[in-house]
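Raw contents of data.cif, mmCIF, C-alpha atoms:
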data_model
#
loop_
_atom_site.label_atom_id
_atom_site.label_comp_id
_atom_site.auth_asym_id
_atom_site.auth_seq_id
_atom_site.Cartn_x
_atom_site.Cartn_y
_atom_site.Cartn_z
CA GLN A 1104 48.90 -15.75 11.00
CA THR A 1105 51.87 -18.04 11.61
CA PRO A 1106 53.80 -17.83 14.89
CA GLU A 1107 56.65 -16.18 12.94
CA GLU A 1108 54.29 -13.50 11.59
CA ILE A 1109 52.91 -12.88 15.10
CA LEU A 1110 56.45 -12.52 16.45
CA HIS A 1111 57.35 -10.09 13.65
CA HIS A 1112 54.19 -8.05 14.34
CA LEU A 1113 54.93 -7.84 18.09
CA GLN A 1114 58.56 -6.92 17.40
CA ASN A 1115 57.33 -4.06 15.21
CA ILE A 1116 55.14 -2.76 18.06
CA VAL A 1117 58.06 -2.87 20.51
CA ASP A 1118 60.45 -1.23 18.04
CA PHE A 1119 57.95 1.49 17.17
CA GLY A 1120 57.55 2.41 20.84
CA LYS A 1121 61.29 2.21 21.47
CA HIS A 1122 62.71 4.01 18.43
CA VAL A 1123 59.89 6.35 17.42
CA MET A 1124 57.35 7.21 20.12
CA LYS A 1125 59.96 7.52 22.89
CA ARG A 1126 61.60 10.19 20.74
CA PHE A 1127 58.32 12.12 20.54
CA PHE A 1128 57.09 11.70 24.11
CA GLY A 1129 60.19 11.05 26.23
CA GLU A 1130 61.81 8.19 28.13
CA ASN A 1131 59.64 8.35 31.26
CA TYR A 1132 56.30 8.50 29.49
CA VAL A 1133 56.55 5.55 27.05
CA HIS A 1134 56.75 1.90 28.17
CA HIS A 1135 57.37 -0.16 25.05
CA GLY A 1136 57.35 -3.55 26.78
CA GLU A 1137 59.13 -6.74 25.76
CA ILE A 1138 58.22 -9.94 23.93
CA ILE A 1139 57.93 -13.12 25.96
CA GLN A 1140 56.97 -16.75 25.26
CA LEU A 1141 54.21 -18.43 27.24
CA PRO A 1142 53.11 -22.08 27.50
CA LEU A 1143 50.09 -22.57 25.22
CA ASP A 1144 48.13 -24.32 27.99
CA PHE A 1145 48.54 -21.26 30.22
CA VAL A 1146 47.33 -18.96 27.40
CA ARG A 1147 44.24 -21.12 26.79
CA GLN A 1148 43.36 -21.17 30.50
CA LEU A 1149 43.87 -17.40 30.68
CA CYS A 1150 41.61 -16.87 27.66
CA LEU A 1151 38.78 -18.87 29.28
CA LYS A 1152 39.22 -17.08 32.60
CA ILE A 1153 39.06 -13.52 31.24
CA GLN A 1154 36.30 -14.06 28.65
CA PRO A 1155 33.39 -13.43 31.08
CA GLU A 1156 35.08 -10.20 32.23
CA ARG A 1157 35.49 -8.72 28.75
CA PRO A 1158 33.10 -5.99 27.58
CA GLU A 1159 30.59 -7.09 24.96
CA SER A 1160 32.10 -4.80 22.32
CA ARG A 1161 35.45 -6.62 22.64
CA CYS A 1162 34.14 -10.17 22.52
CA ASP A 1163 34.35 -10.36 18.72
CA LYS A 1164 38.16 -10.06 19.01
CA ASP A 1165 39.85 -13.36 19.87
CA MET A 1166 42.93 -13.76 21.99
CA ASP A 1167 45.89 -15.38 20.21
CA THR A 1168 46.11 -18.85 21.78
CA LEU A 1169 48.25 -20.49 19.07
CA SER A 1170 51.57 -18.66 18.72
CA GLY A 1171 52.69 -18.58 22.37
CA TYR A 1172 54.13 -15.08 21.94
CA ALA A 1173 52.93 -12.18 24.05
CA MET A 1174 53.95 -8.68 25.08
CA CYS A 1175 54.85 -8.05 28.70
CA LEU A 1176 53.93 -4.50 29.74
CA PRO A 1177 53.91 -2.73 33.12
CA ASN A 1178 50.65 -2.21 34.97
CA LEU A 1179 50.16 1.50 34.33
CA THR A 1180 47.57 1.82 37.09
CA ARG A 1181 50.60 1.66 39.43
CA LEU A 1182 53.33 4.28 39.90
CA GLN A 1183 55.96 3.92 37.17
CA THR A 1184 58.75 6.38 37.93
CA TYR A 1185 59.99 4.46 40.99
CA ARG A 1186 59.00 1.69 43.37
CA PHE A 1187 57.49 3.42 46.38
CA VAL A 1188 55.37 2.19 49.29
CA GLU A 1189 53.48 -0.33 47.18
CA HIS A 1190 51.07 -1.11 50.01
CA ARG A 1191 49.68 2.44 49.82
CA PRO A 1192 46.36 2.86 47.98
CA ILE A 1193 46.81 4.02 44.40
CA LEU A 1194 44.39 6.04 42.32
CA CYS A 1195 44.74 6.05 38.53
CA ILE A 1196 42.95 8.23 35.99
CA GLU A 1197 43.00 7.18 32.33
CA ILE A 1198 42.19 9.92 29.80
CA LYS A 1199 41.88 9.53 26.05
CA PRO A 1200 42.24 13.22 25.10
CA LYS A 1201 41.62 12.84 21.29
CA CYS A 1202 42.64 15.46 18.71
CA GLY A 1203 43.56 18.79 20.31
CA PHE A 1204 43.67 21.11 17.30
CA ILE A 1205 41.51 22.32 14.42
CA PRO A 1206 42.83 21.64 10.88
CA PHE A 1207 44.85 24.53 9.46
CA SER A 1208 45.43 22.93 6.05
CA SER A 1209 44.44 24.78 2.87
CA HIS A 1210 43.26 21.41 1.49
CA VAL A 1211 40.18 21.46 3.75
CA SER A 1212 37.11 21.75 1.49
CA GLN A 1213 34.42 22.52 4.11
CA GLU A 1214 34.81 25.75 6.09
CA ILE A 1215 33.13 24.16 9.10
CA LYS A 1216 36.29 22.07 9.68
CA HIS A 1217 38.19 25.32 10.33
CA LYS A 1218 35.67 26.25 13.06
CA VAL A 1219 34.45 23.08 14.78
CA CYS A 1220 36.77 20.30 15.94
CA ARG A 1221 36.53 16.72 14.74
CA TYR A 1222 35.58 15.36 18.18
CA CYS A 1223 32.62 17.72 18.64
CA MET A 1224 31.30 16.95 15.16
CA HIS A 1225 31.78 13.19 15.57
CA GLN A 1226 29.75 13.19 18.80
CA HIS A 1227 26.55 13.90 16.87
CA LEU A 1228 27.12 11.07 14.39
CA LYS A 1229 27.90 8.63 17.23
CA VAL A 1230 24.66 9.53 19.05
CA ALA A 1231 22.69 9.16 15.80
CA ASN A 1232 24.25 5.71 15.25
CA GLY A 1233 23.30 4.64 18.78
CA LYS A 1234 26.85 4.35 20.12
CA TRP A 1235 26.13 6.87 22.90
CA LYS A 1236 22.86 8.09 24.39
CA ARG A 1237 23.81 11.77 24.48
CA PRO A 1238 26.66 13.99 23.27
CA SER A 1239 29.45 14.90 25.66
CA LYS A 1240 30.24 18.53 26.49
CA TYR A 1241 33.93 17.65 26.45
CA CYS A 1242 35.99 19.43 23.79
CA PRO A 1243 39.66 18.40 23.35
CA LEU A 1244 40.67 21.98 22.48
CA ASP A 1245 39.66 23.07 25.99
CA LEU A 1246 41.89 20.41 27.56
CA PHE A 1247 44.84 21.21 25.27
CA SER A 1248 44.46 24.98 25.76
CA GLY A 1249 46.66 25.15 28.85
CA ASN A 1250 44.07 27.58 30.30
CA LYS A 1251 43.16 26.17 33.73
CA GLN A 1252 39.56 27.40 33.55
CA ARG A 1253 39.03 25.67 30.20
CA MET A 1254 40.88 22.55 31.36
CA HIS A 1255 38.71 22.32 34.49
CA PHE A 1256 35.58 22.61 32.33
CA ALA A 1257 36.86 19.89 29.96
CA LEU A 1258 37.65 17.49 32.81
CA LYS A 1259 34.32 18.15 34.52
CA SER A 1260 32.59 17.39 31.20
CA LEU A 1261 34.52 14.13 30.92
CA LEU A 1262 33.46 13.17 34.44
CA GLN A 1263 29.83 13.93 33.57
CA GLU A 1264 29.87 11.96 30.31
CA ALA A 1265 32.89 9.65 30.40
CA GLN A 1266 32.07 7.57 27.30
CA ASN A 1267 35.34 5.73 26.57
CA ASN A 1268 37.47 8.83 27.15
CA LEU A 1269 37.84 8.60 30.93
CA LYS A 1270 38.25 5.79 33.44
CA ILE A 1271 39.24 5.87 37.11
CA PHE A 1272 40.88 2.91 38.89
CA LYS A 1273 41.48 2.33 42.59
CA ASN A 1274 44.21 -0.21 43.30
CA GLY A 1275 43.86 -1.47 39.73
CA GLU A 1276 40.06 -1.95 39.87
CA LEU A 1277 37.79 0.13 37.64
CA ILE A 1278 35.58 2.31 39.88
CA TYR A 1279 34.35 4.90 37.38
CA GLY A 1280 33.80 5.01 33.62
CA CYS A 1281 32.01 3.05 30.92
CA LYS A 1282 32.26 -0.70 30.91
CA ASP A 1283 30.55 -0.75 27.52
CA ASP A 1284 29.17 1.60 24.87
CA GLN A 1285 25.88 2.36 26.62
CA ASP A 1286 26.94 1.68 30.23
CA CYS A 1287 27.62 5.28 31.22
CA VAL A 1288 25.79 6.12 34.43
CA SER A 1289 27.65 8.93 36.21
CA ASP A 1290 27.32 8.51 39.96
CA TRP A 1291 29.42 11.28 41.47
CA ASN A 1292 28.31 10.41 45.00
CA GLU A 1293 29.65 6.86 44.60
CA LEU A 1294 32.86 8.25 43.10
CA ALA A 1295 33.21 10.71 46.00
CA ARG A 1296 32.86 7.82 48.46
CA HIS A 1297 35.85 6.10 46.84
CA LEU A 1298 37.91 9.28 46.65
CA LYS A 1299 37.22 10.76 50.09
CA PRO A 1300 40.04 8.84 51.89
CA PHE A 1301 42.52 10.12 49.28
CA PHE A 1302 41.59 13.80 49.45
CA PHE A 1303 40.29 14.13 53.01
CA PRO A 1304 42.08 11.41 55.03
CA SER A 1305 41.07 12.88 58.39
CA ASN A 1306 37.39 12.54 57.39
CA GLY A 1307 36.73 16.13 58.43
CA LEU A 1308 34.23 16.80 55.64
CA VAL A 1309 30.52 16.28 56.09
CA SER A 1310 28.74 14.05 53.61
CA GLY A 1311 26.20 15.25 51.07
CA PRO A 1312 26.18 17.17 47.77
CA HIS A 1313 28.64 19.80 49.05
CA CYS A 1314 31.10 17.05 49.99
CA THR A 1315 30.75 15.41 46.55
CA ARG A 1316 31.29 18.70 44.68
CA THR A 1317 34.34 19.54 46.81
CA ILE A 1318 35.96 16.13 46.23
CA VAL A 1319 35.31 16.26 42.45
CA LYS A 1320 36.81 19.76 42.38
CA GLU A 1321 39.93 18.50 44.18
CA LEU A 1322 40.21 15.60 41.70
CA ILE A 1323 39.97 17.97 38.71
CA HIS A 1324 42.64 20.22 40.26
CA VAL A 1325 45.03 17.28 40.73
CA ILE A 1326 44.51 15.98 37.18
CA THR A 1327 45.10 19.48 35.75
CA MET A 1328 48.32 20.00 37.72
CA THR A 1329 49.75 16.60 36.75
CA LEU A 1330 48.87 17.14 33.07
CA LEU A 1331 50.69 20.49 33.12
CA SER A 1332 53.72 19.04 34.92
CA SER A 1333 56.93 17.85 33.31
CA THR A 1334 58.44 14.63 34.65
CA ASP A 1335 60.76 14.03 31.69
CA ALA A 1336 63.67 16.23 30.64
CA CYS A 1337 63.36 14.99 27.03
CA ARG A 1338 61.88 17.48 24.60
CA ALA A 1339 60.23 16.10 21.48
CA GLY A 1340 63.43 14.53 20.17
CA ASP A 1341 64.91 16.33 17.17
CA MET A 1342 61.46 17.46 16.05
CA LYS A 1343 61.18 20.98 14.77
CA THR A 1344 57.84 21.66 16.36
CA VAL A 1345 54.80 22.56 14.31
CA PRO A 1346 53.62 26.01 15.48
CA VAL A 1347 50.43 25.56 17.50
CA SER A 1348 49.45 29.10 16.47
CA GLN A 1349 48.78 27.81 12.95
CA GLY A 1350 45.45 26.43 14.16
CA ARG A 1351 42.49 28.16 15.79
CA SER A 1352 42.78 27.82 19.58
CA TYR A 1353 39.07 27.32 20.28
CA CYS A 1354 36.18 25.33 18.85
CA GLU A 1355 32.89 27.07 18.06
CA ALA A 1356 30.91 24.02 19.23
CA SER A 1357 32.60 23.88 22.64
CA ALA A 1358 30.08 24.27 25.47
CA PHE A 1359 32.64 26.45 27.27
CA ASN A 1360 32.96 28.73 24.26
CA LYS A 1361 29.17 28.92 23.81
CA GLU A 1362 28.78 29.88 27.47
CA LEU A 1363 31.27 32.72 27.03
CA VAL A 1364 29.44 33.98 23.94
CA ARG A 1365 26.08 33.71 25.73
CA ASN A 1366 27.41 35.84 28.58
CA GLY A 1367 28.79 38.42 26.16
CA LYS A 1368 32.36 37.77 27.25
CA HIS A 1369 35.41 37.84 25.02
CA LYS A 1370 36.96 34.50 24.20
CA LEU A 1371 39.65 33.45 26.64
CA GLU A 1372 43.01 33.34 24.94
CA SER A 1373 44.86 30.05 25.11
CA SER A 1374 47.42 30.14 27.91
CA GLY A 1375 49.56 27.62 26.05
CA LEU A 1376 50.96 24.38 27.37
CA PRO A 1377 54.35 24.10 29.12
CA ARG A 1378 56.78 22.64 26.57
CA GLY A 1379 57.83 19.74 28.80
CA CYS A 1380 54.37 18.42 29.67
CA LEU A 1381 52.90 15.33 28.05
CA LEU A 1382 49.91 17.21 26.60
CA TYR A 1383 52.28 19.51 24.70
CA LYS A 1384 54.24 16.58 23.30
CA THR A 1385 51.02 14.77 22.37
CA LEU A 1386 49.74 17.85 20.54
CA GLN A 1387 53.02 18.23 18.64
CA ALA A 1388 52.82 14.62 17.45
CA GLN A 1389 49.15 15.08 16.47
CA MET A 1390 50.03 18.14 14.42
CA LEU A 1391 52.18 16.05 12.10
CA ASP A 1392 48.82 15.80 10.34
CA MET A 1393 49.63 19.00 8.49
CA LEU A 1394 47.61 18.37 5.33
CA ASP A 1395 44.39 16.99 6.85
CA ILE A 1396 43.02 13.70 5.48
CA GLU A 1397 41.71 15.63 2.45
CA GLY A 1398 45.22 16.74 1.47
CA LEU A 1399 46.74 13.42 2.50
CA TYR A 1400 44.44 11.07 0.55
CA PRO A 1401 45.78 11.98 -2.95
CA LEU A 1402 49.32 11.35 -1.65
CA TYR A 1403 48.22 7.96 -0.27
CA SER A 1404 46.79 7.20 -3.75
CA ARG A 1405 50.17 8.13 -5.29
CA VAL A 1406 51.95 5.64 -3.02
CA GLU A 1407 49.31 2.98 -3.76
CA GLN A 1408 49.71 3.46 -7.50
CA TYR A 1409 53.50 3.10 -7.16
CA LEU A 1410 53.08 -0.11 -5.12
CA GLU A 1411 50.77 -1.57 -7.76
CA GLU A 1412 53.54 -1.13 -10.32
CA PHE A 1413 56.39 -2.13 -7.99
CA PRO A 1414 54.97 -4.35 -5.21
CA GLU A 1415 58.46 -5.55 -4.28
CA GLU A 1416 59.26 -1.98 -3.12
CA ARG A 1417 56.89 -2.19 -0.13
CA SER A 1418 59.62 -3.42 2.22
CA THR A 1419 62.13 -0.85 0.91
CA LEU A 1420 59.63 1.94 1.67
CA GLN A 1421 59.35 0.62 5.27
CA ILE A 1422 55.54 0.70 5.20
CA ASP A 1423 55.40 -2.35 7.47
CA GLY A 1424 58.61 -1.59 9.35
CA PRO A 1425 61.24 -2.01 10.49
CA TYR A 1426 60.54 0.97 12.76
CA ASN A 1427 64.11 1.98 13.47
CA GLU A 1428 66.28 5.11 13.56
CA ALA A 1429 66.13 5.43 9.77
CA PHE A 1430 62.31 5.38 9.89
CA TYR A 1431 62.32 8.10 12.58
CA GLU A 1432 64.77 10.31 10.66
CA LYS A 1433 62.43 10.41 7.65
CA LEU A 1434 59.66 11.82 9.86
CA LEU A 1435 61.64 14.98 10.59
CA ASP A 1436 60.97 16.58 7.19
CA LEU A 1437 58.09 19.00 7.86
CA SER A 1438 57.99 20.57 4.38
CA THR A 1439 54.55 20.76 2.77
CA GLU A 1440 55.71 21.70 -0.75
CA ASP A 1441 54.77 18.74 -2.95
CA ASP A 1442 57.54 17.95 -5.43
CA GLY A 1443 55.46 15.21 -7.04
CA THR A 1444 57.67 12.36 -5.83
CA VAL A 1445 56.69 9.11 -4.14
CA ALA A 1446 59.23 9.91 -1.40
CA PHE A 1447 57.37 13.12 -0.45
CA ALA A 1448 54.00 11.34 -0.53
CA LEU A 1449 55.30 8.50 1.64
CA THR A 1450 56.79 10.87 4.24
CA LYS A 1451 53.44 12.66 4.61
CA VAL A 1452 51.60 9.31 4.84
CA GLN A 1453 53.94 8.08 7.60
CA GLN A 1454 53.63 11.39 9.47
CA TYR A 1455 49.85 11.11 9.24
CA ARG A 1456 49.98 7.60 10.74
CA ILE A 1457 52.04 8.94 13.68
CA ALA A 1458 49.53 11.80 14.11
CA MET A 1459 46.60 9.36 14.12
CA THR A 1460 48.38 7.25 16.76
CA ALA A 1461 48.87 10.35 18.94
CA LYS A 1462 45.21 11.35 18.45
CA ASP A 1463 44.06 7.98 19.79
CA CYS A 1464 46.50 7.41 22.65
CA SER A 1465 45.60 7.30 26.34
CA ILE A 1466 47.27 9.14 29.24
CA MET A 1467 47.52 7.34 32.58
CA ILE A 1468 47.98 9.38 35.77
CA ALA A 1469 48.81 7.25 38.83
CA LEU A 1470 48.56 8.96 42.24
CA SER A 1471 49.57 7.74 45.67
CA PRO A 1472 49.24 9.69 48.95
CA CYS A 1473 52.57 10.57 50.57
CA LEU A 1474 53.48 12.16 53.88
CA GLN A 1475 55.44 15.39 53.96
CA ASP A 1476 58.65 13.79 55.24
CA GLU A 1477 58.48 11.11 52.52
CA CYS A 1478 58.45 13.57 49.64
CA SER A 1479 61.78 14.53 48.13
CA GLU A 1480 62.98 16.45 45.09
CA GLN A 1481 63.41 13.19 43.16
CA ARG A 1482 59.69 12.46 43.36
CA PRO A 1483 57.14 14.62 41.59
CA VAL A 1484 54.49 15.81 44.04
CA VAL A 1485 51.11 17.53 43.63
CA LEU A 1486 49.34 19.23 46.56
CA THR A 1487 45.66 19.56 47.43
CA SER A 1488 44.03 21.40 50.34
CA LYS A 1489 44.35 18.43 52.72
CA SER A 1490 46.61 15.91 50.93
CA ARG A 1491 49.76 15.51 48.88
CA PHE A 1492 50.35 12.92 46.18
CA THR A 1493 53.36 11.52 44.46
CA PHE A 1494 52.51 10.65 40.86
CA SER A 1495 53.60 9.23 37.54
CA VAL A 1496 52.25 10.05 34.08
CA SER A 1497 52.43 7.51 31.25
CA VAL A 1498 51.08 7.18 27.73
CA LEU A 1499 49.73 3.98 26.19
CA ASP A 1500 47.91 2.67 23.08
CA LEU A 1501 50.84 3.71 20.90
CA ASP A 1502 50.58 1.01 18.22
CA LEU A 1503 51.14 2.63 14.82
CA LYS A 1504 47.85 3.09 12.95
CA PRO A 1505 47.66 0.80 9.91
CA TYR A 1506 48.59 2.13 6.50
CA GLU A 1507 45.47 0.37 5.14
CA SER A 1508 43.14 2.38 7.40
CA ILE A 1509 43.65 5.64 5.46
CA PRO A 1510 40.75 5.10 2.95
CA HIS A 1511 38.45 4.38 5.92
CA GLN A 1512 39.57 7.61 7.61
CA TYR A 1513 38.88 9.54 4.42
CA LYS A 1514 35.33 8.17 4.12
CA LEU A 1515 34.64 8.63 7.84
CA ASP A 1516 35.77 12.26 7.70
CA GLY A 1517 33.24 12.93 4.92
CA LYS A 1518 30.45 11.21 6.88
CA ILE A 1519 31.19 13.17 10.07
CA VAL A 1520 31.28 16.55 8.32
CA ASN A 1521 28.22 15.93 6.11
CA TYR A 1522 26.13 14.70 9.05
CA TYR A 1523 27.10 17.74 11.11
CA LEU A 1524 26.32 20.19 8.31
CA LYS A 1525 22.98 18.58 7.55
CA ASN A 1526 21.66 17.78 11.01
CA VAL A 1527 23.35 20.17 13.43
CA GLN A 1528 24.49 23.35 11.73
CA ALA A 1529 21.41 23.43 9.50
CA LYS A 1530 19.13 23.40 12.57
CA ASP A 1531 21.03 26.36 14.02
CA ASP A 1532 20.61 28.29 10.76
CA PRO A 1533 16.97 28.83 9.69
CA VAL A 1534 17.99 29.48 6.06
CA LEU A 1535 19.99 26.27 5.85
CA SER A 1536 17.28 24.41 7.75
CA SER A 1537 14.73 25.08 5.02
CA LEU A 1538 17.23 23.90 2.39
CA PHE A 1539 18.29 20.67 4.05
CA LYS A 1540 15.50 18.13 4.25
CA GLU A 1541 15.92 14.47 5.04
CA ASN A 1542 16.60 12.35 1.93
CA GLU A 1543 16.01 15.25 -0.44
CA ASP A 1544 18.48 16.71 -2.92
CA CYS A 1545 19.21 20.42 -2.73
CA THR A 1546 18.95 22.43 -5.95
CA LEU A 1547 20.36 25.92 -6.24
CA VAL A 1548 17.99 28.12 -8.27
CA LEU A 1549 19.37 31.39 -9.68
CA HIS A 1550 16.94 34.22 -10.44
CA LYS A 1551 17.63 37.25 -12.62
CA VAL A 1552 17.88 40.47 -10.60
#

Can the structure from this file be put into structure tokens for me?
Amino acid sequence: QTPEEILHHLQNIVDFGKHVMKRFFGENYVHHGEIIQLPLDFVRQLCLKIQPERPESRCDKDMDTLSGYAMCLPNLTRLQTYRFVEHRPILCIEIKPKCGFIPFSSHVSQEIKHKVCRYCMHQHLKVANGKWKRPSKYCPLDLFSGNKQRMHFALKSLLQEAQNNLKIFKNGELIYGCKDDQDCVSDWNELARHLKPFFFPSNGLVSGPHCTRTIVKELIHVITMTLLSSTDACRAGDMKTVPVSQGRSYCEASAFNKELVRNGKHKLESSGLPRGCLLYKTLQAQMLDMLDIEGLYPLYSRVEQYLEEFPEERSTLQIDGPYNEAFYEKLLDLSTEDDGTVAFALTKVQQYRIAMTAKDCSIMIALSPCLQDECSEQRPVVLTSKSRFTFSVSVLDLDLKPYESIPHQYKLDGKIVNYYLKNVQAKDDPVLSSLFKENEDCTLVLHKV
């Protein structure tokens, strides 16, 4: 790409954060950054310096050392809402929550998609492909439930099997979480050693397994309380919210749900998320995927066919930006009645891209210990048994998902569902198990009765 194309691409990212995602998430949560120019020699030296530190899975992606343009963004492992006692130690938890609802679209062709969430199904395919050694017990629907018991279980599962969905930083340094696809050793004792000064500053707790469990419990409590808090008065812009009740509030594959069933208990009803919290806003943006990829793909094909006939219309349709107020306004139409037009198809495609962005974003929670006399009403505070923290919550990875990635998403969805049906659900069902055999076609034989 030419330097001009790079600049245009970066400007699109900034504008998308500024004019679109800030309207969904709120002023305090989104940091859109700014474009700066850097000396090329500095960029080349930087590239050489960071290369040995990069994870293996990222080394196939090159840093741009030719254009001289870059994005300047705040360090989200620090407190963002105000500058406050910067010499204090700062703890930061990064969570990639993933998709927090089950499809409610009538376009879904496989009933399993109405019962088991995408994340839980995808885990099995990822393990089979060697990306992870074992499936995680984390289920996004538990985290997004608003029920503290379910949220605690979800966060504990993330801590047990972090994969790339959880990282913990101390003063900006990664102290817990995967450095690479297979590097996922969970050492809670080591984590507790790092966290002990934050949660038990007087060192009054004995060491050992009890100490570790207590500290992890305190950490989970703090994360839950910050995720349920509201530090931004902005509601989701002018969005008429998609009713969460349209989707099932639990996933049949969730380890929490299975445990309830095993114990003969009734399913816990979702407590619901407070409307001002970031999880609620994230879920609302995710639920702009109202048709599921199966209902969306024919609409994408309609837009593609139109662009083949009228390629000059691509810029008019704002597929590649500009991401401005006009772009945002078009997202507010939540109708699902297809009138057969390209305009309807394009609106659903753009809403789907926003939903995919929200499904893949990360939430950063920065915590810093504060003394009682330092805490004021202006600063959000969360309490534990022995400590109090001031905190900020931010969201990152909000680049708009590419229009061109939709066919890939469609194929991947089919792979995830088919693998789950054939290799997981079939094993749980003895009748299906005898039908599904590796590399064999299934034939339905009808007998006269």

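The two atoms in question, CA of Pro1472 (chain A) and CA of Lys1125 (chain A), are spaced 28.3 Å apart.
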
(request) Between CA of Tyr1403 (chain A) and CA of Phe1204 (chain A), measure the distance and give it in Å to one decimal. (result) 22.4 Å

(request) Within 9 Å of Ile1205 (chain A), counting only C-alpha atoms, which residues show up once you throw out same-chain ones fewer than 4 positions away? Write them as number ranges by chain, please. (result) A: 1216-1221, 1244, 1350-1354

(request) List every protein, DNA or RNA residue with an atom no more than 7 Å from (50.6, 11.7, 44.2) in the file's coordinates, counting all atoms listed in the file, and format the result as a count of residues only. (result) 10

(request) Identify, on the basis of all atoms listed in the file, every residue whose closest approach to Cys1242 (chain A) does not exceed 10 Å; exclude the query and any residue fewer than 5 positions from it along the same chain; express the result as a VMD selection string. (result) chain A and resid 1200 to 1203 1219 to 1223 1247 1253 to 1254 1256 to 1258 1260 to 1261 1353 to 1354 1356 to 1360

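By all atoms listed in the file, and with residues fewer than 5 positions from Val1445 (chain A) along its chain excluded, the set lying at most 9 Å from it is Leu1402, Arg1405, Val1406, Tyr1409 and Thr1450 of chain A.
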
(request) Identify which of the residues A:Ser1208, A:His1313, A:Ala1173, A:Pro1414 lies closest to Leu1141 (chain A), counting only C-alpha atoms when measuring atom-to-atom distances. (result) A:Ala1173

(request) List, as a list in words, every residue that the PyMOL selection byres ((chain A and resi 1425) around 12) selects in the file provided. (result) His1111, His1112, Leu1113, Gln1114, Asn1115, Ile1116, Val1117, Asp1118, Phe1119, Gly1120, Lys1121, His1122, Val1123, Arg1417, Ser1418, Thr1419, Leu1420, Gln1421, Ile1422, Asp1423, Gly1424, Tyr1426, Asn1427, Glu1428, Ala1429, Phe1430, Tyr1431 and Leu1503 of chain A

(request) Please write as a PyMOL selection string the full residue list that the PyMOL selection byres ((chain A and resi 1322) around 12) yields on this file. (result) chain A and resi 1194-1196+1255+1258-1259+1262+1271+1291+1294-1295+1297-1299+1301-1303+1315-1321+1323-1329+1468+1470+1485-1488+1490-1492

Pull out every residue that the PyMOL selection byres ((chain A and resi 1154-1167) around 10) matches in the shown coordinates and put them as a tab-separated table (two decimals) with C-alpha atoms, in the coordinates of the input.
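result-v1.tsv, freshly written:
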chain	number	residue	atom	x	y	z
A	1104	GLN	CA	48.90	-15.75	11.00
A	1106	PRO	CA	53.80	-17.83	14.89
A	1109	ILE	CA	52.91	-12.88	15.10
A	1143	LEU	CA	50.09	-22.57	25.22
A	1146	VAL	CA	47.33	-18.96	27.40
A	1147	ARG	CA	44.24	-21.12	26.79
A	1149	LEU	CA	43.87	-17.40	30.68
A	1150	CYS	CA	41.61	-16.87	27.66
A	1151	LEU	CA	38.78	-18.87	29.28
A	1152	LYS	CA	39.22	-17.08	32.60
A	1153	ILE	CA	39.06	-13.52	31.24
A	1168	THR	CA	46.11	-18.85	21.78
A	1169	LEU	CA	48.25	-20.49	19.07
A	1170	SER	CA	51.57	-18.66	18.72
A	1171	GLY	CA	52.69	-18.58	22.37
A	1172	TYR	CA	54.13	-15.08	21.94
A	1173	ALA	CA	52.93	-12.18	24.05
A	1281	CYS	CA	32.01	3.05	30.92
A	1282	LYS	CA	32.26	-0.70	30.91
A	1283	ASP	CA	30.55	-0.75	27.52
A	1284	ASP	CA	29.17	1.60	24.87

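Rounded to one decimal, CA of Val1496 (chain A) and CA of Gln1389 (chain A) lie 18.6 Å from each other.
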